[in-house]
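K.L.:
Here it is, the structure in full.
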Amino acid sequence: MSNATVRSFTRAVRGMRLVRTSCVLLLVAAGCQSKPSASPESLNSAEPLHEAMGQLTSTMVYDIFSPPQASRVYSYASIAGYEALRQSDTSWRSLAVQVRSMPAVPAPDRSKEYSYALAGVRAMLTVSHQLTFSRERMDSVRTAISQRYESSLPADVYARSIAYGDTVARHVLAWASKDKFKESRGLPKFSVTRQPGRWIPTPPAYMDAVEPNWGTVLPFAMDSATQFRPPVPFAFDSTKGTPFYAQALEVYDTGRNLTGEQRAIAAFWDCNPYVMNVQGHTMFATKKITPGGHWMGIAGIAARKANATALQTADTYLRTAIALADGFIAAWEEKFRSGVIRPETVINAYIDEKWAPLLQTPPFPEYPSGHSVISTSAAQVLTAIYGQNFAFADSSEVPYGMPVRSFASFDAAANEAAISRLYGGIHYRQAIEEGQRQGKQVGLNVVARVITKPGTTVAGR
């Protein structure tokens, strides 16, 4: 989506009635846990990081960030927090050189005392502040957290730690400015045509395609956006019995026979920040967490359950964020290369003109399923950190009116997220299955190439 389109959509939404935005959004990524106290012990824990991540998610929900853009912000903010915090234990490795030629991070003065916990959360919040639109929202939590540290630290240590966090943040932001994001803002929009099988905008808002040039943004751990490109999708064919028609018919039949549990699964994993509701002559927006925001929430929940230290938590956030960011780049490159038409358009034209999907169709091409890609990618990283059978209760969607859902593993959650797109009526099965395959490759690549501390997992510490 162009900057102009983002601004236009945001202005329109803010002028409408907004729903599901008032529940404790400050800590959404951490599963709506309570605020940390001001004790020195809590300031050295992971709680300030969870709070910072929660506020970042809240701000991007408010600003209506696209899913790809949100993943970019999560990555740079998490990298900054980790790079400052890891100075407390230099056995943990810098991401310098490991991810897209990141230059070496400035080192602190080892002859002086720092609160690296403060430096880490400061770096994360400073990057978050610079990469979001509603900066006053990030300022509020940055000020509150800083004040808690200020009351517990010697004045010189406090000032030095703040300064170092800001130094790391500036370093990461300078590196971020070279990822071709800015250049992608000036590239052409997706060309809408009536070519059979090519994506066109869908109801009710008929929005322009979101981020048609995201595949040009440089990845973190992948060699290129095309490194794990999926197979060519089925050729469009509206003839009964052909592979393409058969998968459209499956979406149609599934949608007409949904069980209550399938409806609940689809709703839980909806994560569409562009949902527009029409009631008579009134249109209003439902603000929701992005798919990446949901998985950053799961990362926080896992870290809390495992009693992860601040540094382990920072590592969890950064590797999850990189898996999400690379997943979005890979998925979006293919989406706009193949430009596959959505089930809603096909079914209305060739099967049932009155059919509507359970979920509102998001505004971009169909293949592959982005949620399948990024969920599977994130699950690979989280499994590598916390183990294959790490059960957890996912409360990430509680602030948006959804109940808690429990999973036996990260893979189980990713599998449910993937199939939810069929239940929701917004993806064909091929896009889901190939999306999962692509996501697994992206995630395992992050596990193999982003080495923060060899042999270390939270589950096995």
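A note on labels: chains of the structure tokens are A, B, ... as shown, every chain counts residues from 1, and ligands are counted from 1 in their shown order.
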List the spatial neighbours of A:Trp214 as a count of residues only - criterion: any atom at most 8 Å away, only C-alpha atoms, same-chain residues fewer than 2 positions off excluded.

P.N.:
10

K.L.:
Would you list the contacts of A:Tyr158 as a VMD selection string, taking every protein, DNA or RNA residue within 8 Å and counting only C-alpha atoms, but skipping same-chain residues closer than 6 positions in sequence?

P.N.:
chain A and resid 114 to 115 118 149 to 150

K.L.:
Fewer than 3 positions away in the same chain doesn't count, so skip those; otherwise give me all residues within 12 Å of A:Ala393, counting only C-alpha atoms, as a VMD selection string.

P.N.:
chain A and resid 30 to 31 297 to 302 304 to 305 390 396 to 398 403 to 410 412 to 413

K.L.:
Interatomic distance between atom CA of A:Phe220 and atom CA of A:Ala310?

P.N.:
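Separating atom CA of A:Phe220 from atom CA of A:Ala310 is a distance of 22.9 Å.
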
K.L.:
Could you pull the residues within 12 Å of stretch 250-259 of chain A, counting only C-alpha atoms, minus those fewer than 4 positions along the same chain, as a PyMOL selection string?

P.N.:
chain A and resi 241+243-246+263-266+342-348+350-359+419-432

K.L.:
Tell me, which residues of stretch 168-270 of chain A carry DSSP alpha helix (DSSP H), written as an NGL selection string?

P.N.:
:A and (168-176 or 181-184 or 243-256 or 260-268)

K.L.:
Would you put the residues from that selection into a file with N, CA and C atoms, as an mmCIF file, in the first residue's frame?

P.N.:
data_model
loop_
_atom_site.group_PDB
_atom_site.id
_atom_site.type_symbol
_atom_site.label_atom_id
_atom_site.label_comp_id
_atom_site.auth_asym_id
_atom_site.auth_seq_id
_atom_site.Cartn_x
_atom_site.Cartn_y
_atom_site.Cartn_z
ATOM 1 N N VAL A 168 22.467 2.709 20.190
ATOM 2 C CA VAL A 168 22.150 1.474 19.476
ATOM 3 C C VAL A 168 20.949 1.691 18.553
ATOM 4 N N ALA A 169 19.949 2.408 19.041
ATOM 5 C CA ALA A 169 18.761 2.675 18.224
ATOM 6 C C ALA A 169 19.120 3.442 16.963
ATOM 7 N N ARG A 170 19.955 4.464 17.093
ATOM 8 C CA ARG A 170 20.362 5.241 15.911
ATOM 9 C C ARG A 170 21.123 4.362 14.919
ATOM 10 N N HIS A 171 21.945 3.477 15.443
ATOM 11 C CA HIS A 171 22.710 2.568 14.592
ATOM 12 C C HIS A 171 21.765 1.658 13.793
ATOM 13 N N VAL A 172 20.788 1.099 14.476
ATOM 14 C CA VAL A 172 19.841 0.201 13.809
ATOM 15 C C VAL A 172 18.980 0.967 12.813
ATOM 16 N N LEU A 173 18.559 2.163 13.170
ATOM 17 C CA LEU A 173 17.742 2.955 12.256
ATOM 18 C C LEU A 173 18.507 3.348 10.996
ATOM 19 N N ALA A 174 19.787 3.657 11.147
ATOM 20 C CA ALA A 174 20.606 3.987 9.974
ATOM 21 C C ALA A 174 20.719 2.789 9.045
ATOM 22 N N TRP A 175 20.889 1.615 9.637
ATOM 23 C CA TRP A 175 20.947 0.390 8.840
ATOM 24 C C TRP A 175 19.595 0.101 8.189
ATOM 25 N N ALA A 176 18.517 0.319 8.936
ATOM 26 C CA ALA A 176 17.171 0.078 8.417
ATOM 27 C C ALA A 176 16.870 0.957 7.210
ATOM 28 N N PHE A 181 12.965 0.039 1.680
ATOM 29 C CA PHE A 181 11.577 0.328 2.017
ATOM 30 C C PHE A 181 11.145 1.672 1.437
ATOM 31 N N LYS A 182 11.954 2.691 1.642
ATOM 32 C CA LYS A 182 11.594 4.021 1.134
ATOM 33 C C LYS A 182 11.443 4.007 -0.377
ATOM 34 N N GLU A 183 12.335 3.301 -1.045
ATOM 35 C CA GLU A 183 12.252 3.235 -2.507
ATOM 36 C C GLU A 183 10.964 2.549 -2.959
ATOM 37 N N SER A 184 10.502 1.578 -2.171
ATOM 38 C CA SER A 184 9.282 0.856 -2.550
ATOM 39 C C SER A 184 8.052 1.746 -2.508
ATOM 40 N N PRO A 243 -8.515 -28.557 -11.931
ATOM 41 C CA PRO A 243 -7.952 -28.349 -10.589
ATOM 42 C C PRO A 243 -8.332 -27.001 -9.982
ATOM 43 N N PHE A 244 -8.314 -25.939 -10.788
ATOM 44 C CA PHE A 244 -8.626 -24.624 -10.218
ATOM 45 C C PHE A 244 -10.086 -24.556 -9.798
ATOM 46 N N TYR A 245 -10.988 -25.023 -10.650
ATOM 47 C CA TYR A 245 -12.412 -24.982 -10.312
ATOM 48 C C TYR A 245 -12.691 -25.847 -9.091
ATOM 49 N N ALA A 246 -12.031 -26.996 -9.022
ATOM 50 C CA ALA A 246 -12.258 -27.909 -7.898
ATOM 51 C C ALA A 246 -11.890 -27.271 -6.566
ATOM 52 N N GLN A 247 -10.794 -26.493 -6.538
ATOM 53 C CA GLN A 247 -10.411 -25.890 -5.261
ATOM 54 C C GLN A 247 -11.344 -24.739 -4.900
ATOM 55 N N ALA A 248 -11.880 -24.042 -5.897
ATOM 56 C CA ALA A 248 -12.868 -23.006 -5.610
ATOM 57 C C ALA A 248 -14.147 -23.640 -5.063
ATOM 58 N N LEU A 249 -14.537 -24.766 -5.637
ATOM 59 C CA LEU A 249 -15.725 -25.468 -5.167
ATOM 60 C C LEU A 249 -15.534 -25.971 -3.738
ATOM 61 N N GLU A 250 -14.300 -26.394 -3.396
ATOM 62 C CA GLU A 250 -14.034 -26.823 -2.020
ATOM 63 C C GLU A 250 -14.240 -25.680 -1.039
ATOM 64 N N VAL A 251 -13.766 -24.486 -1.387
ATOM 65 C CA VAL A 251 -13.962 -23.323 -0.524
ATOM 66 C C VAL A 251 -15.460 -23.064 -0.348
ATOM 67 N N TYR A 252 -16.196 -23.135 -1.428
ATOM 68 C CA TYR A 252 -17.644 -22.895 -1.400
ATOM 69 C C TYR A 252 -18.352 -23.913 -0.516
ATOM 70 N N ASP A 253 -18.079 -25.199 -0.751
ATOM 71 C CA ASP A 253 -18.739 -26.244 0.026
ATOM 72 C C ASP A 253 -18.357 -26.188 1.498
ATOM 73 N N THR A 254 -17.093 -25.907 1.765
ATOM 74 C CA THR A 254 -16.643 -25.793 3.161
ATOM 75 C C THR A 254 -17.371 -24.663 3.870
ATOM 76 N N GLY A 255 -17.478 -23.527 3.199
ATOM 77 C CA GLY A 255 -18.134 -22.376 3.796
ATOM 78 C C GLY A 255 -19.604 -22.582 4.090
ATOM 79 N N ARG A 256 -20.251 -23.444 3.314
ATOM 80 C CA ARG A 256 -21.682 -23.697 3.510
ATOM 81 C C ARG A 256 -21.949 -24.730 4.598
ATOM 82 N N GLY A 260 -19.435 -25.204 14.346
ATOM 83 C CA GLY A 260 -19.190 -24.118 15.281
ATOM 84 C C GLY A 260 -17.713 -23.960 15.607
ATOM 85 N N GLU A 261 -16.999 -25.079 15.734
ATOM 86 C CA GLU A 261 -15.576 -25.024 16.034
ATOM 87 C C GLU A 261 -14.792 -24.421 14.873
ATOM 88 N N GLN A 262 -15.162 -24.766 13.649
ATOM 89 C CA GLN A 262 -14.473 -24.190 12.489
ATOM 90 C C GLN A 262 -14.696 -22.689 12.409
ATOM 91 N N ARG A 263 -15.885 -22.239 12.731
ATOM 92 C CA ARG A 263 -16.160 -20.797 12.755
ATOM 93 C C ARG A 263 -15.311 -20.101 13.822
ATOM 94 N N ALA A 264 -15.182 -20.753 14.972
ATOM 95 C CA ALA A 264 -14.377 -20.177 16.052
ATOM 96 C C ALA A 264 -12.907 -20.089 15.652
ATOM 97 N N ILE A 265 -12.412 -21.114 14.973
ATOM 98 C CA ILE A 265 -11.018 -21.113 14.518
ATOM 99 C C ILE A 265 -10.780 -19.989 13.514
ATOM 100 N N ALA A 266 -11.691 -19.844 12.562
ATOM 101 C CA ALA A 266 -11.549 -18.787 11.557
ATOM 102 C C ALA A 266 -11.539 -17.409 12.206
ATOM 103 N N ALA A 267 -12.440 -17.187 13.158
ATOM 104 C CA ALA A 267 -12.515 -15.887 13.821
ATOM 105 C C ALA A 267 -11.264 -15.598 14.636
ATOM 106 N N PHE A 268 -10.752 -16.631 15.317
ATOM 107 C CA PHE A 268 -9.591 -16.437 16.180
ATOM 108 C C PHE A 268 -8.367 -15.997 15.386
#

K.L.:
With distances taken over only C-alpha atoms, which of A:Ala209, A:Pro399, A:Leu153, A:Ile385 is nearest to A:Pro454?

P.N.:
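Counting only C-alpha atoms, the residue closest to A:Pro454 is A:Ile385.
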
K.L.:
With distances taken over only C-alpha atoms, which residue among A:Leu311, A:Leu324, A:Ala225, A:Ala391 lies nearest A:Arg93?

P.N.:
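Once distances to A:Arg93 are computed over only C-alpha atoms, the minimum belongs to A:Leu311.
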
K.L.:
Would you pick out the contacts of A:Asp63 at 8 Å or less, using only C-alpha atoms, so that residues sharing its chain but fewer than 4 positions from it are not included, and give the list as a short mmCIF file (atom, residue, chain, number, x, y, z; two decimals) with N, CA and C atoms, in the first residue's frame?

P.N.:
data_model
loop_
_atom_site.label_atom_id
_atom_site.label_comp_id
_atom_site.auth_asym_id
_atom_site.auth_seq_id
_atom_site.Cartn_x
_atom_site.Cartn_y
_atom_site.Cartn_z
N THR A 10 -6.39 5.49 6.85
CA THR A 10 -6.33 5.78 8.29
C THR A 10 -7.23 6.94 8.67
N THR A 59 0.13 0.45 19.31
CA THR A 59 0.29 1.62 18.45
C THR A 59 0.09 1.26 16.98
N THR A 132 6.87 4.33 13.88
CA THR A 132 5.41 4.36 13.93
C THR A 132 4.93 5.77 13.65
N PHE A 133 3.61 5.91 13.44
CA PHE A 133 3.04 7.21 13.11
C PHE A 133 2.62 7.98 14.36
N SER A 134 1.90 7.32 15.26
CA SER A 134 1.39 7.97 16.47
C SER A 134 2.46 7.92 17.56
#

K.L.:
Would you kindly return, as an mmCIF file with N, CA and C atoms, in the first residue's frame, each protein, DNA or RNA residue with an atom no farther than 12 Å from any atom of A:Gln438, considering only C-alpha atoms and excluding same-chain residues fewer than 2 positions away?

P.N.:
data_model
loop_
_atom_site.group_PDB
_atom_site.id
_atom_site.type_symbol
_atom_site.label_atom_id
_atom_site.label_comp_id
_atom_site.auth_asym_id
_atom_site.auth_seq_id
_atom_site.Cartn_x
_atom_site.Cartn_y
_atom_site.Cartn_z
ATOM 1 N N ALA A 225 14.215 -12.341 -1.906
ATOM 2 C CA ALA A 225 12.794 -12.612 -1.731
ATOM 3 C C ALA A 225 12.359 -13.870 -2.451
ATOM 4 N N THR A 226 13.105 -14.288 -3.445
ATOM 5 C CA THR A 226 12.732 -15.453 -4.262
ATOM 6 C C THR A 226 13.419 -16.742 -3.826
ATOM 7 N N GLN A 227 14.183 -16.709 -2.755
ATOM 8 C CA GLN A 227 14.967 -17.884 -2.364
ATOM 9 C C GLN A 227 14.099 -19.120 -2.148
ATOM 10 N N PHE A 228 12.913 -18.931 -1.577
ATOM 11 C CA PHE A 228 12.039 -20.068 -1.279
ATOM 12 C C PHE A 228 10.708 -19.942 -2.022
ATOM 13 N N ARG A 229 10.777 -19.486 -3.255
ATOM 14 C CA ARG A 229 9.561 -19.281 -4.049
ATOM 15 C C ARG A 229 8.799 -20.598 -4.205
ATOM 16 N N PRO A 230 7.479 -20.585 -3.982
ATOM 17 C CA PRO A 230 6.687 -21.815 -4.101
ATOM 18 C C PRO A 230 6.429 -22.196 -5.558
ATOM 19 N N PRO A 231 5.883 -23.395 -5.792
ATOM 20 C CA PRO A 231 5.573 -23.808 -7.163
ATOM 21 C C PRO A 231 4.535 -22.885 -7.801
ATOM 22 N N ALA A 323 11.757 -14.027 11.431
ATOM 23 C CA ALA A 323 11.034 -15.075 10.702
ATOM 24 C C ALA A 323 9.759 -14.521 10.086
ATOM 25 N N ASP A 326 10.823 -11.972 7.075
ATOM 26 C CA ASP A 326 11.239 -12.704 5.875
ATOM 27 C C ASP A 326 10.068 -13.464 5.264
ATOM 28 N N GLY A 327 9.187 -13.979 6.105
ATOM 29 C CA GLY A 327 8.014 -14.677 5.599
ATOM 30 C C GLY A 327 7.106 -13.775 4.795
ATOM 31 N N PHE A 328 6.891 -12.559 5.283
ATOM 32 C CA PHE A 328 6.053 -11.612 4.542
ATOM 33 C C PHE A 328 6.703 -11.207 3.215
ATOM 34 N N ILE A 329 7.994 -10.994 3.233
ATOM 35 C CA ILE A 329 8.688 -10.624 1.992
ATOM 36 C C ILE A 329 8.560 -11.744 0.966
ATOM 37 N N ALA A 330 8.790 -12.984 1.399
ATOM 38 C CA ALA A 330 8.705 -14.127 0.487
ATOM 39 C C ALA A 330 7.280 -14.311 -0.033
ATOM 40 N N ALA A 331 6.304 -14.234 0.856
ATOM 41 C CA ALA A 331 4.908 -14.437 0.454
ATOM 42 C C ALA A 331 4.434 -13.333 -0.477
ATOM 43 N N TRP A 332 4.768 -12.098 -0.147
ATOM 44 C CA TRP A 332 4.281 -10.962 -0.949
ATOM 45 C C TRP A 332 4.944 -10.922 -2.334
ATOM 46 N N GLU A 334 5.620 -13.489 -4.134
ATOM 47 C CA GLU A 334 4.862 -14.424 -4.950
ATOM 48 C C GLU A 334 3.434 -13.952 -5.188
ATOM 49 N N TYR A 367 -2.402 -16.092 -3.656
ATOM 50 C CA TYR A 367 -1.395 -17.164 -3.553
ATOM 51 C C TYR A 367 0.004 -16.622 -3.271
ATOM 52 N N PRO A 368 0.683 -17.165 -2.237
ATOM 53 C CA PRO A 368 0.241 -18.151 -1.257
ATOM 54 C C PRO A 368 -0.503 -17.493 -0.103
ATOM 55 N N SER A 369 -0.985 -18.299 0.818
ATOM 56 C CA SER A 369 -1.616 -17.768 2.022
ATOM 57 C C SER A 369 -0.539 -17.174 2.925
ATOM 58 N N GLY A 370 -0.568 -15.852 3.082
ATOM 59 C CA GLY A 370 0.437 -15.196 3.914
ATOM 60 C C GLY A 370 0.406 -15.674 5.346
ATOM 61 N N HIS A 371 -0.798 -15.886 5.886
ATOM 62 C CA HIS A 371 -0.905 -16.355 7.270
ATOM 63 C C HIS A 371 -0.273 -17.738 7.418
ATOM 64 N N SER A 372 -0.433 -18.586 6.401
ATOM 65 C CA SER A 372 0.176 -19.922 6.455
ATOM 66 C C SER A 372 1.694 -19.822 6.429
ATOM 67 N N VAL A 373 2.218 -18.906 5.610
ATOM 68 C CA VAL A 373 3.665 -18.722 5.517
ATOM 69 C C VAL A 373 4.238 -18.240 6.841
ATOM 70 N N ILE A 374 3.716 -17.134 7.344
ATOM 71 C CA ILE A 374 4.355 -16.515 8.519
ATOM 72 C C ILE A 374 4.106 -17.299 9.796
ATOM 73 N N SER A 375 2.947 -17.954 9.901
ATOM 74 C CA SER A 375 2.679 -18.759 11.100
ATOM 75 C C SER A 375 3.632 -19.950 11.164
ATOM 76 N N THR A 376 3.819 -20.611 10.024
ATOM 77 C CA THR A 376 4.727 -21.754 9.995
ATOM 78 C C THR A 376 6.163 -21.309 10.216
ATOM 79 N N SER A 377 6.540 -20.186 9.656
ATOM 80 C CA SER A 377 7.891 -19.664 9.835
ATOM 81 C C SER A 377 8.171 -19.343 11.297
ATOM 82 N N ALA A 378 7.244 -18.624 11.934
ATOM 83 C CA ALA A 378 7.412 -18.282 13.352
ATOM 84 C C ALA A 378 7.450 -19.535 14.220
ATOM 85 N N GLN A 380 8.627 -22.435 13.507
ATOM 86 C CA GLN A 380 9.938 -23.099 13.432
ATOM 87 C C GLN A 380 10.916 -22.474 14.432
ATOM 88 N N GLN A 430 -4.510 -25.105 -2.045
ATOM 89 C CA GLN A 430 -3.149 -25.078 -2.568
ATOM 90 C C GLN A 430 -2.351 -23.934 -1.958
ATOM 91 N N ALA A 431 -2.975 -22.777 -1.814
ATOM 92 C CA ALA A 431 -2.279 -21.626 -1.238
ATOM 93 C C ALA A 431 -1.903 -21.877 0.212
ATOM 94 N N ILE A 432 -2.747 -22.605 0.923
ATOM 95 C CA ILE A 432 -2.480 -22.920 2.324
ATOM 96 C C ILE A 432 -1.322 -23.905 2.437
ATOM 97 N N GLU A 433 -1.390 -24.996 1.681
ATOM 98 C CA GLU A 433 -0.371 -26.031 1.797
ATOM 99 C C GLU A 433 0.984 -25.565 1.280
ATOM 100 N N GLU A 434 0.993 -24.862 0.152
ATOM 101 C CA GLU A 434 2.269 -24.358 -0.356
ATOM 102 C C GLU A 434 2.790 -23.221 0.518
ATOM 103 N N GLY A 435 1.885 -22.474 1.132
ATOM 104 C CA GLY A 435 2.304 -21.443 2.072
ATOM 105 C C GLY A 435 3.001 -22.037 3.280
ATOM 106 N N GLN A 436 2.473 -23.152 3.775
ATOM 107 C CA GLN A 436 3.116 -23.823 4.901
ATOM 108 C C GLN A 436 4.506 -24.338 4.514
ATOM 109 N N LYS A 440 7.912 -22.981 6.272
ATOM 110 C CA LYS A 440 8.855 -23.871 6.955
ATOM 111 C C LYS A 440 10.270 -23.623 6.471
ATOM 112 N N GLN A 441 10.447 -23.439 5.177
ATOM 113 C CA GLN A 441 11.778 -23.151 4.635
ATOM 114 C C GLN A 441 12.310 -21.820 5.157
ATOM 115 N N VAL A 442 11.443 -20.819 5.194
ATOM 116 C CA VAL A 442 11.862 -19.506 5.694
ATOM 117 C C VAL A 442 12.269 -19.599 7.160
ATOM 118 N N GLY A 443 11.462 -20.263 7.977
ATOM 119 C CA GLY A 443 11.750 -20.373 9.401
ATOM 120 C C GLY A 443 13.001 -21.163 9.703
ATOM 121 N N LEU A 444 13.169 -22.295 9.031
ATOM 122 C CA LEU A 444 14.373 -23.102 9.252
ATOM 123 C C LEU A 444 15.624 -22.355 8.795
ATOM 124 N N ASN A 445 15.490 -21.501 7.803
ATOM 125 C CA ASN A 445 16.623 -20.681 7.363
ATOM 126 C C ASN A 445 17.032 -19.703 8.456
#

K.L.:
Stretch 200-406 of chain A: which residues are strand (DSSP E or B) by DSSP, as an MDAnalysis selection string?

P.N.:
chainID A and resid 276:279 282:286 340 392:394 405:406

K.L.:
Taking into account only C-alpha atoms, which residue in the set A:Phe236, A:Tyr62, A:Tyr74, A:Trp295 is nearest to A:Tyr274?

P.N.:
A:Tyr62

K.L.:
Quick one: pull the distance between atom CA of A:Glu83 and atom CA of A:Thr126, Å, one decimal.

P.N.:
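One can read the atom CA of A:Glu83 to atom CA of A:Thr126 distance as 13.3 Å.
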
K.L.:
Counting only C-alpha atoms, figure out which residue out of A:Met222, A:Leu49, A:Val61, A:Val450 gets nearest to A:Arg142.

P.N.:
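Between A:Met222, A:Leu49, A:Val61, A:Val450, the residue approaching A:Arg142 most closely is A:Leu49.
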
K.L.:
Atom CA of A:Gly54 to atom CA of A:Gln69: how many Å, to one decimal?

P.N.:
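Interatomic distance, atom CA of A:Gly54 to atom CA of A:Gln69: 16.8 Å.
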
K.L.:
Using only C-alpha atoms, which of A:Lys288, A:Ile322, A:Val340, A:Ser58 sits nearest A:Met402?

P.N.:
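Of the candidates, the smallest distance to A:Met402 is held by A:Lys288.
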
K.L.:
Please provide as a ChimeraX atom specification all residues within 9 Å of A:Ser45, with the sequence filter that same-chain residues fewer than 3 positions apart are discarded (counting only C-alpha atoms).

P.N.:
/A:40-42,48-49,117,308-311

K.L.:
Looking at A:Gly81, A:Glu113, A:Pro108, A:Ser128, which one is nearest to A:Met60, with distances taken over only C-alpha atoms?

P.N.:
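Distance minimum relative to A:Met60 lands on A:Ser128.
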